[in-house]
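Next comes work_39.txt, with compact mmCIF, C-alpha atoms.
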# COMPACT_ATOMS: atom_id res chain seq x y z
CA MET A 1149 -17.25 -33.96 -49.59
CA ALA A 1150 -20.31 -36.16 -49.95
CA THR A 1151 -20.17 -39.73 -48.64
CA ALA A 1152 -21.24 -42.45 -51.08
CA GLY A 1153 -24.94 -43.24 -50.78
CA LEU A 1154 -25.73 -40.18 -48.62
CA PRO A 1155 -26.82 -36.68 -49.63
CA ASP A 1156 -24.30 -33.89 -49.02
CA ILE A 1157 -25.95 -32.73 -45.80
CA PHE A 1158 -23.11 -33.14 -43.30
CA LYS A 1159 -21.67 -29.63 -42.94
CA ALA A 1160 -18.89 -28.11 -40.86
CA TYR A 1161 -21.13 -27.28 -37.88
CA ASP A 1162 -24.49 -28.93 -38.49
CA ILE A 1163 -26.50 -31.30 -40.68
CA ARG A 1164 -28.54 -29.32 -43.18
CA GLY A 1165 -30.28 -29.75 -46.52
CA LEU A 1166 -33.32 -29.35 -48.71
CA VAL A 1167 -36.60 -30.94 -47.69
CA PRO A 1168 -37.63 -33.43 -48.97
CA GLY A 1169 -34.90 -33.77 -51.59
CA GLU A 1170 -32.01 -34.22 -49.14
CA LEU A 1171 -33.69 -34.49 -45.73
CA ASP A 1172 -36.77 -36.61 -45.11
CA PRO A 1173 -38.37 -38.43 -42.15
CA GLU A 1174 -36.46 -41.64 -42.87
CA ILE A 1175 -33.03 -40.03 -42.65
CA ALA A 1176 -34.16 -38.01 -39.61
CA TYR A 1177 -34.92 -41.32 -37.86
CA ASP A 1178 -31.51 -42.69 -38.80
CA ILE A 1179 -29.73 -39.52 -37.63
CA GLY A 1180 -31.52 -39.82 -34.28
CA ARG A 1181 -30.26 -43.37 -33.88
CA ALA A 1182 -26.73 -42.48 -34.99
CA PHE A 1183 -26.56 -39.48 -32.66
CA VAL A 1184 -27.45 -41.60 -29.64
CA ALA A 1185 -25.01 -44.30 -30.75
CA TYR A 1186 -22.28 -41.63 -30.97
CA LEU A 1187 -23.14 -40.41 -27.46
CA GLY A 1188 -23.26 -43.95 -26.09
CA GLY A 1189 -26.85 -43.60 -24.90
CA GLY A 1190 -28.08 -41.42 -22.07
CA ARG A 1191 -30.52 -38.53 -21.83
CA ILE A 1192 -31.02 -36.00 -24.62
CA ALA A 1193 -33.15 -32.90 -25.17
CA VAL A 1194 -34.75 -32.17 -28.55
CA GLY A 1195 -36.16 -28.84 -29.69
CA ARG A 1196 -37.43 -27.55 -33.01
CA ASP A 1197 -38.19 -24.32 -34.82
CA MET A 1198 -41.38 -23.24 -36.60
CA ARG A 1199 -40.53 -24.54 -40.09
CA VAL A 1200 -43.27 -26.49 -41.84
CA SER A 1201 -41.12 -29.61 -41.97
CA SER A 1202 -39.86 -29.41 -38.38
CA PRO A 1203 -42.65 -31.29 -36.55
CA GLU A 1204 -42.30 -34.44 -38.67
CA LEU A 1205 -38.50 -34.34 -38.71
CA ALA A 1206 -38.44 -33.85 -34.94
CA ALA A 1207 -40.89 -36.69 -34.38
CA ARG A 1208 -38.82 -39.11 -36.45
CA PHE A 1209 -35.52 -37.98 -34.92
CA ILE A 1210 -37.02 -38.52 -31.46
CA ALA A 1211 -38.32 -41.97 -32.50
CA GLY A 1212 -34.86 -42.96 -33.72
CA ALA A 1213 -33.19 -41.69 -30.55
CA ARG A 1214 -35.74 -43.51 -28.39
CA ASP A 1215 -35.36 -46.76 -30.33
CA GLN A 1216 -31.60 -46.50 -29.84
CA GLY A 1217 -32.19 -46.49 -26.08
CA ALA A 1218 -32.09 -42.80 -25.19
CA HIS A 1219 -34.39 -41.11 -22.73
CA VAL A 1220 -35.65 -38.12 -24.71
CA THR A 1221 -37.07 -34.87 -23.37
CA ASP A 1222 -39.03 -33.09 -26.09
CA ILE A 1223 -38.89 -29.37 -25.27
CA GLY A 1224 -41.03 -28.39 -28.26
CA MET A 1225 -40.69 -25.14 -30.21
CA VAL A 1226 -37.75 -23.21 -28.84
CA SER A 1227 -34.87 -20.98 -29.88
CA THR A 1228 -31.51 -22.63 -30.40
CA ASP A 1229 -30.05 -20.87 -27.36
CA GLY A 1230 -33.01 -22.23 -25.41
CA LEU A 1231 -31.96 -25.75 -26.44
CA TYR A 1232 -28.38 -25.05 -25.31
CA PHE A 1233 -29.77 -23.80 -22.00
CA ALA A 1234 -31.78 -26.99 -21.53
CA VAL A 1235 -28.74 -29.20 -22.12
CA GLY A 1236 -26.43 -27.16 -19.91
CA LYS A 1237 -28.79 -26.42 -17.05
CA HIS A 1238 -30.43 -29.82 -16.77
CA GLY A 1239 -27.38 -31.99 -17.32
CA PHE A 1240 -28.43 -33.76 -20.50
CA ASP A 1241 -25.88 -35.92 -22.27
CA GLY A 1242 -26.67 -34.21 -25.54
CA GLY A 1243 -29.19 -32.17 -27.46
CA CYS A 1244 -30.60 -31.62 -30.93
CA MET A 1245 -32.21 -28.54 -32.41
CA ILE A 1246 -34.19 -29.14 -35.59
CA THR A 1247 -33.65 -25.94 -37.57
CA ALA A 1248 -32.03 -24.48 -40.67
CA SER A 1249 -31.34 -21.21 -38.85
CA HIS A 1250 -31.44 -18.33 -41.37
CA ASN A 1251 -31.82 -20.48 -44.50
CA PRO A 1252 -34.93 -20.24 -46.74
CA ALA A 1253 -38.12 -22.16 -46.01
CA GLU A 1254 -37.28 -25.20 -48.13
CA TYR A 1255 -34.29 -26.05 -45.89
CA ASN A 1256 -34.08 -27.77 -42.53
CA GLY A 1257 -31.44 -29.44 -40.44
CA PHE A 1258 -30.02 -30.60 -37.11
CA LYS A 1259 -27.76 -28.67 -34.72
CA LEU A 1260 -26.23 -31.19 -32.33
CA CYS A 1261 -24.39 -30.81 -29.04
CA ARG A 1262 -22.93 -32.98 -26.31
CA SER A 1263 -23.14 -32.49 -22.55
CA ALA A 1264 -22.59 -28.95 -21.24
CA ALA A 1265 -23.89 -27.69 -24.62
CA ARG A 1266 -20.56 -28.46 -26.34
CA PRO A 1267 -21.28 -28.32 -30.08
CA LEU A 1268 -20.62 -31.12 -32.54
CA SER A 1269 -18.69 -30.32 -35.73
CA ILE A 1270 -17.59 -32.31 -38.74
CA ASP A 1271 -14.30 -33.07 -36.93
CA GLN A 1272 -15.95 -33.91 -33.63
CA GLY A 1273 -19.13 -35.91 -33.94
CA ILE A 1274 -20.86 -35.02 -37.19
CA GLY A 1275 -18.30 -36.91 -39.28
CA GLU A 1276 -18.68 -39.96 -37.04
CA ILE A 1277 -22.47 -39.81 -37.29
CA ARG A 1278 -22.15 -39.59 -41.08
CA ASP A 1279 -19.87 -42.61 -41.14
CA LEU A 1280 -22.21 -44.67 -38.94
CA LEU A 1281 -24.98 -44.02 -41.45
CA ALA A 1282 -22.84 -44.54 -44.55
CA ASN A 1283 -21.49 -47.86 -43.28
CA ASP A 1284 -24.80 -49.08 -41.83
CA ALA A 1285 -22.87 -49.44 -38.59
CA ILE A 1286 -25.33 -48.24 -35.93
CA PRO A 1287 -25.06 -50.87 -33.19
CA PRO A 1288 -28.25 -52.69 -32.18
CA VAL A 1289 -29.69 -52.17 -28.70
CA SER A 1290 -31.75 -54.55 -26.61
CA GLY A 1291 -34.45 -52.14 -25.52
CA GLY A 1292 -35.86 -48.73 -26.31
CA GLY A 1293 -35.89 -45.59 -24.20
CA MET A 1294 -38.68 -43.25 -23.26
CA VAL A 1295 -40.01 -39.84 -24.29
CA GLU A 1296 -41.36 -37.05 -22.12
CA GLU A 1297 -42.37 -33.46 -22.85
CA GLN A 1298 -41.22 -30.38 -20.95
CA ASP A 1299 -41.60 -26.67 -21.64
CA LEU A 1300 -38.49 -24.78 -20.51
CA LEU A 1301 -39.24 -21.37 -22.05
CA ASP A 1302 -39.92 -19.60 -18.76
CA ALA A 1303 -36.83 -21.13 -17.18
CA PHE A 1304 -34.67 -19.93 -20.06
CA VAL A 1305 -36.12 -16.41 -19.89
CA GLU A 1306 -35.38 -16.37 -16.14
CA HIS A 1307 -31.80 -17.49 -16.84
CA ALA A 1308 -31.24 -14.89 -19.57
CA THR A 1309 -32.69 -11.97 -17.62
CA GLY A 1310 -30.71 -13.14 -14.60
CA MET A 1311 -27.50 -12.48 -16.53
CA ILE A 1312 -28.09 -8.70 -16.20
CA ASP A 1313 -29.27 -6.23 -13.58
CA ILE A 1314 -32.93 -5.81 -14.56
CA ASP A 1315 -33.46 -3.14 -11.90
CA ALA A 1316 -30.85 -0.96 -13.64
CA LEU A 1317 -32.69 -0.93 -16.98
CA ARG A 1318 -34.41 2.28 -18.05
CA PRO A 1319 -37.63 2.12 -20.06
CA MET A 1320 -36.98 2.16 -23.80
CA LYS A 1321 -39.10 1.84 -26.91
CA ILE A 1322 -37.75 -1.14 -28.84
CA VAL A 1323 -38.82 -2.57 -32.19
CA VAL A 1324 -38.10 -6.28 -32.56
CA ASP A 1325 -38.31 -8.05 -35.91
CA ALA A 1326 -38.70 -11.79 -35.35
CA GLY A 1327 -38.91 -12.54 -39.07
CA ASN A 1328 -41.73 -15.04 -38.30
CA GLY A 1329 -39.07 -17.07 -36.47
CA MET A 1330 -38.59 -18.32 -32.93
CA ALA A 1331 -38.00 -14.85 -31.48
CA GLY A 1332 -41.77 -14.47 -31.84
CA ARG A 1333 -42.16 -16.97 -29.01
CA LEU A 1334 -39.07 -15.97 -27.04
CA ILE A 1335 -39.36 -12.18 -26.82
CA PRO A 1336 -42.88 -11.59 -25.36
CA PRO A 1337 -42.13 -13.22 -21.98
CA VAL A 1338 -38.83 -11.31 -21.84
CA PHE A 1339 -40.64 -8.00 -22.11
CA GLU A 1340 -42.91 -9.06 -19.27
CA GLN A 1341 -39.77 -8.93 -17.10
CA ILE A 1342 -38.10 -5.71 -18.33
CA PRO A 1343 -39.33 -2.10 -18.51
CA GLY A 1344 -40.15 -0.39 -21.76
CA GLU A 1345 -42.38 -0.72 -24.81
CA LEU A 1346 -42.14 -3.58 -27.29
CA ILE A 1347 -43.15 -2.92 -30.90
CA PRO A 1348 -43.33 -6.38 -32.50
CA LEU A 1349 -42.75 -7.05 -36.19
CA TYR A 1350 -43.64 -10.44 -37.68
CA PHE A 1351 -44.01 -12.35 -34.40
CA GLU A 1352 -46.40 -14.93 -35.93
CA LEU A 1353 -44.58 -18.26 -36.07
CA ASP A 1354 -44.62 -19.11 -39.77
CA GLY A 1355 -42.00 -21.30 -41.40
CA THR A 1356 -42.96 -20.11 -44.87
CA PHE A 1357 -41.47 -16.68 -44.01
CA PRO A 1358 -44.26 -14.66 -45.68
CA ASN A 1359 -42.72 -11.24 -44.98
CA HIS A 1360 -38.99 -11.72 -45.52
CA GLU A 1361 -36.35 -14.38 -44.95
CA ALA A 1362 -35.13 -14.57 -41.37
CA ASN A 1363 -31.57 -13.57 -42.25
CA PRO A 1364 -30.76 -10.08 -40.92
CA LEU A 1365 -27.40 -9.98 -42.71
CA GLU A 1366 -29.17 -9.43 -46.04
CA PRO A 1367 -30.04 -5.71 -46.31
CA GLU A 1368 -33.47 -6.31 -47.85
CA ASN A 1369 -34.54 -8.26 -44.75
CA ILE A 1370 -34.11 -5.34 -42.32
CA VAL A 1371 -35.78 -2.60 -44.37
CA ASP A 1372 -39.09 -2.89 -42.50
CA LEU A 1373 -37.30 -2.79 -39.14
CA GLN A 1374 -35.25 0.28 -40.09
CA ARG A 1375 -38.34 2.12 -41.31
CA THR A 1376 -40.38 1.25 -38.21
CA VAL A 1377 -37.65 2.37 -35.81
CA VAL A 1378 -37.56 5.81 -37.45
CA GLU A 1379 -41.33 6.16 -37.89
CA GLN A 1380 -42.06 5.14 -34.29
CA GLY A 1381 -39.25 7.23 -32.79
CA ALA A 1382 -37.91 4.08 -31.15
CA ASP A 1383 -34.70 3.93 -29.16
CA LEU A 1384 -33.44 0.99 -31.18
CA GLY A 1385 -34.39 -2.02 -33.28
CA VAL A 1386 -33.45 -5.67 -32.85
CA ALA A 1387 -33.41 -8.31 -35.59
CA PHE A 1388 -33.20 -12.06 -34.92
CA ASP A 1389 -32.58 -14.87 -37.36
CA GLY A 1390 -34.92 -17.85 -37.77
CA ASP A 1391 -33.83 -19.88 -34.74
CA ALA A 1392 -33.20 -16.68 -32.72
CA ASP A 1393 -29.63 -17.43 -31.69
CA ARG A 1394 -28.16 -14.56 -33.75
CA MET A 1395 -29.03 -10.92 -33.08
CA PHE A 1396 -28.34 -7.60 -34.80
CA LEU A 1397 -29.14 -4.03 -33.79
CA ILE A 1398 -30.51 -0.96 -35.57
CA ASP A 1399 -29.79 2.43 -33.98
CA GLU A 1400 -32.37 5.18 -33.47
CA HIS A 1401 -31.56 6.63 -36.91
CA GLY A 1402 -32.23 3.32 -38.67
CA THR A 1403 -28.56 2.49 -39.16
CA PHE A 1404 -27.45 -1.16 -39.07
CA VAL A 1405 -24.99 -2.05 -36.30
CA GLY A 1406 -22.57 -4.90 -37.05
CA GLY A 1407 -21.91 -7.83 -34.79
CA ASP A 1408 -18.40 -6.61 -34.06
CA MET A 1409 -19.74 -3.35 -32.63
CA VAL A 1410 -22.13 -5.34 -30.45
CA THR A 1411 -19.12 -7.39 -29.33
CA ALA A 1412 -17.31 -4.21 -28.28
CA MET A 1413 -20.32 -2.93 -26.33
CA VAL A 1414 -20.93 -6.22 -24.53
CA ALA A 1415 -17.20 -6.40 -23.73
CA LYS A 1416 -17.45 -3.09 -21.86
CA VAL A 1417 -20.20 -4.45 -19.62
CA MET A 1418 -18.52 -7.81 -19.05
CA LEU A 1419 -15.22 -6.18 -18.07
CA GLY A 1420 -17.08 -4.01 -15.58
CA ARG A 1421 -18.23 -7.22 -13.92
CA HIS A 1422 -15.02 -9.18 -14.42
CA PRO A 1423 -12.03 -6.79 -14.33
CA GLY A 1424 -8.99 -8.02 -16.22
CA ALA A 1425 -10.86 -10.88 -17.87
CA SER A 1426 -10.06 -12.37 -21.27
CA ILE A 1427 -12.47 -11.83 -24.14
CA VAL A 1428 -12.32 -13.70 -27.45
CA TYR A 1429 -13.13 -12.10 -30.82
CA ASN A 1430 -12.74 -13.40 -34.35
CA LEU A 1431 -10.28 -11.84 -36.74
CA ILE A 1432 -12.96 -10.38 -39.03
CA CYS A 1433 -14.00 -7.99 -36.27
CA SER A 1434 -13.03 -4.34 -36.39
CA ARG A 1435 -9.80 -3.25 -34.72
CA ALA A 1436 -12.13 -1.34 -32.41
CA VAL A 1437 -12.95 -4.60 -30.64
CA PRO A 1438 -9.47 -5.42 -29.23
CA GLU A 1439 -8.90 -1.70 -28.63
CA THR A 1440 -12.07 -1.51 -26.54
CA ILE A 1441 -11.18 -4.65 -24.61
CA GLU A 1442 -7.75 -3.23 -23.76
CA ARG A 1443 -9.15 0.22 -22.94
CA TYR A 1444 -11.40 -1.30 -20.30
CA GLY A 1445 -8.67 -3.46 -18.79
CA GLY A 1446 -9.36 -6.78 -20.50
CA VAL A 1447 -7.20 -9.21 -22.43
CA PRO A 1448 -8.21 -9.57 -26.11
CA VAL A 1449 -7.80 -13.06 -27.58
CA ARG A 1450 -7.91 -13.26 -31.39
CA SER A 1451 -9.58 -16.29 -32.96
CA ARG A 1452 -10.31 -17.93 -36.26
CA VAL A 1453 -13.88 -17.60 -37.52
CA GLY A 1454 -16.24 -20.32 -36.25
CA HIS A 1455 -17.88 -21.24 -32.99
CA SER A 1456 -15.73 -24.29 -32.32
CA PHE A 1457 -12.59 -22.11 -32.37
CA ILE A 1458 -14.22 -19.36 -30.27
CA LYS A 1459 -15.49 -21.76 -27.62
CA GLY A 1460 -12.20 -23.66 -27.51
CA LEU A 1461 -10.23 -20.47 -26.87
CA MET A 1462 -12.77 -19.30 -24.31
CA ARG A 1463 -12.28 -22.47 -22.30
CA GLU A 1464 -8.49 -22.32 -22.72
CA HIS A 1465 -8.31 -18.70 -21.49
CA ASP A 1466 -11.27 -18.84 -19.09
CA ALA A 1467 -12.75 -16.00 -21.13
CA VAL A 1468 -16.00 -14.49 -19.87
CA PHE A 1469 -17.27 -13.56 -23.33
CA GLY A 1470 -16.68 -14.11 -27.03
CA GLY A 1471 -18.13 -12.36 -30.06
CA GLU A 1472 -18.22 -12.70 -33.83
CA HIS A 1473 -19.01 -10.24 -36.62
CA SER A 1474 -21.73 -12.68 -37.74
CA GLY A 1475 -23.94 -11.97 -34.72
CA HIS A 1476 -22.97 -14.91 -32.49
CA PHE A 1477 -22.18 -13.97 -28.88
CA TYR A 1478 -20.87 -16.49 -26.35
CA PHE A 1479 -20.95 -16.30 -22.56
CA ARG A 1480 -18.94 -18.34 -20.06
CA ASP A 1481 -21.86 -18.28 -17.63
CA ASN A 1482 -24.09 -19.68 -20.38
CA TRP A 1483 -22.05 -22.89 -20.76
CA TYR A 1484 -19.90 -21.04 -23.33
CA ALA A 1485 -22.89 -21.22 -25.66
CA ASP A 1486 -24.10 -18.36 -27.81
CA SER A 1487 -27.20 -16.32 -27.09
CA GLY A 1488 -28.42 -13.32 -29.04
CA LEU A 1489 -30.96 -12.64 -26.32
CA ILE A 1490 -28.35 -12.34 -23.56
CA ALA A 1491 -26.24 -10.07 -25.76
CA CYS A 1492 -29.26 -7.87 -26.48
CA LEU A 1493 -30.11 -7.56 -22.79
CA THR A 1494 -26.49 -6.70 -21.99
CA VAL A 1495 -26.53 -3.85 -24.52
CA LEU A 1496 -29.75 -2.53 -22.96
CA GLU A 1497 -27.98 -2.53 -19.60
CA LEU A 1498 -25.09 -0.54 -21.11
CA LEU A 1499 -27.40 2.02 -22.71
CA SER A 1500 -29.20 2.42 -19.39
CA ALA A 1501 -25.97 2.91 -17.44
CA GLU A 1502 -24.56 5.47 -19.87
CA GLU A 1503 -27.91 7.21 -20.38
CA ASN A 1504 -27.03 7.53 -24.05
CA SER A 1505 -28.69 6.61 -27.30
CA LEU A 1506 -27.28 3.65 -29.19
CA SER A 1507 -25.55 5.91 -31.73
CA GLU A 1508 -24.03 8.03 -28.94
CA THR A 1509 -22.72 4.93 -27.19
CA LEU A 1510 -21.18 3.69 -30.44
CA ALA A 1511 -19.69 7.01 -31.54
CA PRO A 1512 -16.38 6.73 -29.65
CA ILE A 1513 -16.02 3.06 -30.63
CA ASP A 1514 -17.10 2.97 -34.27
CA GLN A 1515 -14.80 5.45 -36.00
CA ARG A 1516 -13.64 3.38 -38.96
CA ALA A 1517 -15.24 2.30 -42.24
CA ARG A 1518 -15.74 -1.35 -43.21
CA SER A 1519 -16.65 -3.06 -46.45
CA GLY A 1520 -18.66 -5.89 -44.98
CA GLU A 1521 -18.06 -9.36 -46.40
CA LEU A 1522 -17.60 -9.33 -50.18
CA ASN A 1523 -17.61 -12.64 -52.08
CA PHE A 1524 -15.72 -13.34 -55.30
CA GLU A 1525 -15.96 -16.52 -57.34
CA VAL A 1526 -12.36 -17.60 -57.96
CA VAL A 1527 -11.21 -20.93 -59.37
CA GLY A 1528 -7.46 -20.46 -58.82
CA GLN A 1529 -7.66 -19.46 -55.18
CA ALA A 1530 -4.04 -20.27 -54.25
CA ALA A 1531 -2.73 -18.18 -57.15
CA ALA A 1532 -5.01 -15.28 -56.20
CA LEU A 1533 -3.79 -15.33 -52.60
CA ALA A 1534 -0.19 -15.45 -53.79
CA ARG A 1535 -0.77 -12.37 -55.98
CA VAL A 1536 -2.25 -10.47 -53.07
CA ARG A 1537 0.52 -11.42 -50.69
CA HIS A 1538 3.21 -10.41 -53.17
CA ALA A 1539 1.55 -7.04 -53.83
CA PHE A 1540 1.53 -6.19 -50.12
CA ALA A 1541 4.95 -7.60 -49.22
CA ASP A 1542 5.72 -4.61 -46.96
CA ALA A 1543 2.66 -5.19 -44.75
CA GLU A 1544 2.20 -7.10 -41.53
CA VAL A 1545 0.96 -10.53 -42.62
CA ASP A 1546 -0.59 -13.43 -40.78
CA GLU A 1547 -2.31 -16.63 -41.88
CA LEU A 1548 -4.33 -17.55 -38.78
CA ASP A 1549 -7.46 -17.83 -40.94
CA GLY A 1550 -6.90 -17.16 -44.62
CA LEU A 1551 -4.65 -14.17 -45.29
CA THR A 1552 -4.69 -10.99 -43.19
CA ILE A 1553 -2.75 -7.97 -44.47
CA GLY A 1554 -2.28 -5.10 -42.03
CA TYR A 1555 -1.08 -1.50 -42.17
CA ASP A 1556 -1.32 1.23 -39.54
CA ASP A 1557 -4.35 2.83 -41.17
CA TRP A 1558 -6.10 -0.10 -42.88
CA TRP A 1559 -6.23 -3.88 -43.07
CA PHE A 1560 -8.05 -6.67 -44.86
CA ASN A 1561 -8.64 -10.40 -44.63
CA ILE A 1562 -9.28 -12.92 -47.41
CA ARG A 1563 -10.67 -16.33 -46.54
CA ALA A 1564 -11.70 -19.24 -48.73
CA SER A 1565 -15.23 -20.64 -48.43
CA ASN A 1566 -15.39 -24.22 -47.17
CA THR A 1567 -18.19 -25.18 -49.55
CA GLN A 1568 -17.99 -22.95 -52.66
CA PRO A 1569 -15.29 -21.64 -55.03
CA LEU A 1570 -15.45 -18.27 -53.28
CA LEU A 1571 -12.94 -15.96 -51.66
CA ARG A 1572 -14.43 -13.78 -48.93
CA LEU A 1573 -12.96 -10.30 -48.45
CA ASN A 1574 -13.32 -7.93 -45.49
CA VAL A 1575 -11.65 -4.50 -45.53
CA GLU A 1576 -11.42 -1.85 -42.79
CA VAL A 1577 -9.93 1.63 -43.17
CA ASP A 1578 -9.34 4.48 -40.74
CA ASP A 1579 -10.31 7.07 -43.38
CA PRO A 1580 -13.76 6.36 -44.86
CA ALA A 1581 -12.85 8.29 -48.01
CA THR A 1582 -10.30 5.61 -48.93
CA LEU A 1583 -12.53 2.56 -48.47
CA GLU A 1584 -13.75 2.26 -52.05
CA GLN A 1585 -10.23 2.64 -53.43
CA ARG A 1586 -8.79 0.02 -51.05
CA VAL A 1587 -11.53 -2.46 -51.88
CA ALA A 1588 -11.00 -1.94 -55.61
CA THR A 1589 -7.24 -2.49 -55.30
CA VAL A 1590 -7.64 -5.82 -53.53
CA ARG A 1591 -10.57 -6.90 -55.71
CA ASP A 1592 -8.55 -6.32 -58.89
CA LEU A 1593 -5.72 -8.47 -57.53
CA ILE A 1594 -8.10 -11.26 -56.57
CA LEU A 1595 -9.75 -11.30 -60.00
CA ALA A 1596 -6.63 -10.67 -62.11
What do you get writing this file as structure tokens?
Amino acid sequence: MATAGLPDIFKAYDIRGLVPGELDPEIAYDIGRAFVAYLGGGRIAVGRDMRVSSPELAARFIAGARDQGAHVTDIGMVSTDGLYFAVGKHGFDGGCMITASHNPAEYNGFKLCRSAARPLSIDQGIGEIRDLLANDAIPPVSGGGMVEEQDLLDAFVEHATGMIDIDALRPMKIVVDAGNGMAGRLIPPVFEQIPGELIPLYFELDGTFPNHEANPLEPENIVDLQRTVVEQGADLGVAFDGDADRMFLIDEHGTFVGGDMVTAMVAKVMLGRHPGASIVYNLICSRAVPETIERYGGVPVRSRVGHSFIKGLMREHDAVFGGEHSGHFYFRDNWYADSGLIACLTVLELLSAEENSLSETLAPIDQRARSGELNFEVVGQAAALARVRHAFADAEVDELDGLTIGYDDWWFNIRASNTQPLLRLNVEVDDPATLEQRVATVRDLILA
């Protein structure tokens, strides 16, 4: 809900809006001050993506943070997981990434974290920052801080490649689509450290996104990558979003691989290193994920959707890894922060160890059919959920996050959007021939 006098930019996990209509240099300055006031001062790191509006927004955010007394380290253009690395590794009291992630070019925003790369959310930090601004309650300070610049790209690449056994990697031909986003800066130095051939797509940093939006979840945005993988006879393709924290794979046949399948593959590697460990997955993931975790001796921990829930459960269970269907992958040894790069490298290690193609590695894991996330505009959401629950009264039911209905051979989850009058549906079936029928049955109940 919007706060009086402020644009509706304070979201569940970040601050985000249109530029200049909702975000402008003035509010960026104020957010910088409010963030430091929330932290109580200290040292912060600030990074930004390649969007056209990012340099000015970053400069004004940094000015506000400095004027509020913080000592600011400007780490320049970086991926979001690079910002998390900077905060965790170098002991900053907080950090800010100026980015709108996968959103179109006219958007921008601020991803904020505390010490140890712990993310802020509307319930922890973002709401308080909003209220400081709305109430004109940022406390005055007697003196300003200082600003320095530091490039930590090489240090982050060293950290990420150090999470795997580089010597065990076999040479592979890999197509990477950066979508004109931050992976264009991140990936080249990585491939200087690992064997194989890199075929780059859209590595030019360009916040206007001239080729396609940097959102790999939309099918039209991975068409070029799929075609190039097949034409070049590549071993696999990798797609990153705009700030390069999310990662998706394309197999050697050009087939899209979901984030839950990546979660299952990474879990195999992590359990080889940490026998018996706990691994967190969100409830939208395929049943193959907890099955794989158990098969390799781990303890699956089921979570609500959202990084704050995943990271909280990881800390509670001392989990070594957590994964989401949306392409976020979290590592205990990465300050519980997410990194698409580390997940990608871990999959390369698995493919090297098994001496299989990506499709061959997935074949014993990915044996079900899934609908993907389907969105339905529904005004009477409570009534729709009640209809669905009544219709499947004989099923196993839980309400950890929305409504999950389970049978031995199929299941589905319905969740309400936090920001729109939408119900989001995910269906998985053991028999692919029944998927369309199952989806239609649930859809008709939702829309009745």
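Across the model, the gap from atom CA of A:Gly1520 to atom CA of A:Pro1569 is 19.0 Å.
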**OP:** Give as a PyMOL selection string every residue, naming chains and numbers as the document does, that has an atom within 12 Å of (-10.4, -24.4, -36.4), counting all atoms listed in the file.
**Re:** chain A and resi 1160-1161+1269-1272+1430+1451-1461+1548-1550+1566
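Nearest to A:Val1405 of all the residues A:Val1417, A:Ala1530, A:Val1449, A:Ala1511 is A:Ala1511, based on all atoms listed in the file.
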Original post:
So what do you get for atom CA of A:Ala1425 versus atom CA of A:Val1468, distance-wise?
Top reply: 6.6 Å
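Among the candidate residues A:Met1311, A:Leu1166, A:Leu1593, A:Val1410, the one lying nearest to A:Ser1201 is A:Leu1166, with distances computed using all atoms listed in the file.
Considering the residues A:Arg1572, A:Gly1344, A:Glu1508, A:Glu1464 and counting all atoms listed in the file, A:His1401 has its shortest atom-to-atom contact with A:Glu1508.
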Kindly write stretch 1456-1466 of chain A with N, CA and C atoms to a file, as a PDB file, in the first residue's frame.
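Saved file out.pdb follows:
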ATOM      1  N   SER A1456      13.644 -14.166   1.653  1.00  0.00           N
ATOM      2  CA  SER A1456      13.737 -13.992   3.101  1.00  0.00           C
ATOM      3  C   SER A1456      13.359 -15.281   3.829  1.00  0.00           C
ATOM      4  N   PHE A1457      12.392 -16.028   3.286  1.00  0.00           N
ATOM      5  CA  PHE A1457      12.006 -17.303   3.895  1.00  0.00           C
ATOM      6  C   PHE A1457      13.094 -18.354   3.674  1.00  0.00           C
ATOM      7  N   ILE A1458      13.628 -18.410   2.444  1.00  0.00           N
ATOM      8  CA  ILE A1458      14.686 -19.374   2.130  1.00  0.00           C
ATOM      9  C   ILE A1458      15.900 -19.150   3.025  1.00  0.00           C
ATOM     10  N   LYS A1459      16.359 -17.912   3.111  1.00  0.00           N
ATOM     11  CA  LYS A1459      17.564 -17.630   3.882  1.00  0.00           C
ATOM     12  C   LYS A1459      17.340 -17.854   5.373  1.00  0.00           C
ATOM     13  N   GLY A1460      16.125 -17.529   5.861  1.00  0.00           N
ATOM     14  CA  GLY A1460      15.830 -17.769   7.263  1.00  0.00           C
ATOM     15  C   GLY A1460      15.890 -19.244   7.603  1.00  0.00           C
ATOM     16  N   LEU A1461      15.298 -20.087   6.758  1.00  0.00           N
ATOM     17  CA  LEU A1461      15.328 -21.528   6.994  1.00  0.00           C
ATOM     18  C   LEU A1461      16.741 -22.089   6.828  1.00  0.00           C
ATOM     19  N   MET A1462      17.509 -21.548   5.910  1.00  0.00           N
ATOM     20  CA  MET A1462      18.879 -22.017   5.750  1.00  0.00           C
ATOM     21  C   MET A1462      19.690 -21.777   7.021  1.00  0.00           C
ATOM     22  N   ARG A1463      19.530 -20.606   7.597  1.00  0.00           N
ATOM     23  CA  ARG A1463      20.243 -20.328   8.845  1.00  0.00           C
ATOM     24  C   ARG A1463      19.727 -21.218   9.979  1.00  0.00           C
ATOM     25  N   GLU A1464      18.415 -21.390  10.045  1.00  0.00           N
ATOM     26  CA  GLU A1464      17.819 -22.209  11.111  1.00  0.00           C
ATOM     27  C   GLU A1464      18.300 -23.657  11.044  1.00  0.00           C
ATOM     28  N   HIS A1465      18.430 -24.199   9.827  1.00  0.00           N
ATOM     29  CA  HIS A1465      18.796 -25.606   9.653  1.00  0.00           C
ATOM     30  C   HIS A1465      20.271 -25.789   9.279  1.00  0.00           C
ATOM     31  N   ASP A1466      21.038 -24.727   9.275  1.00  0.00           N
ATOM     32  CA  ASP A1466      22.430 -24.775   8.830  1.00  0.00           C
ATOM     33  C   ASP A1466      22.537 -25.442   7.462  1.00  0.00           C
TER      34      ASP A1466
END
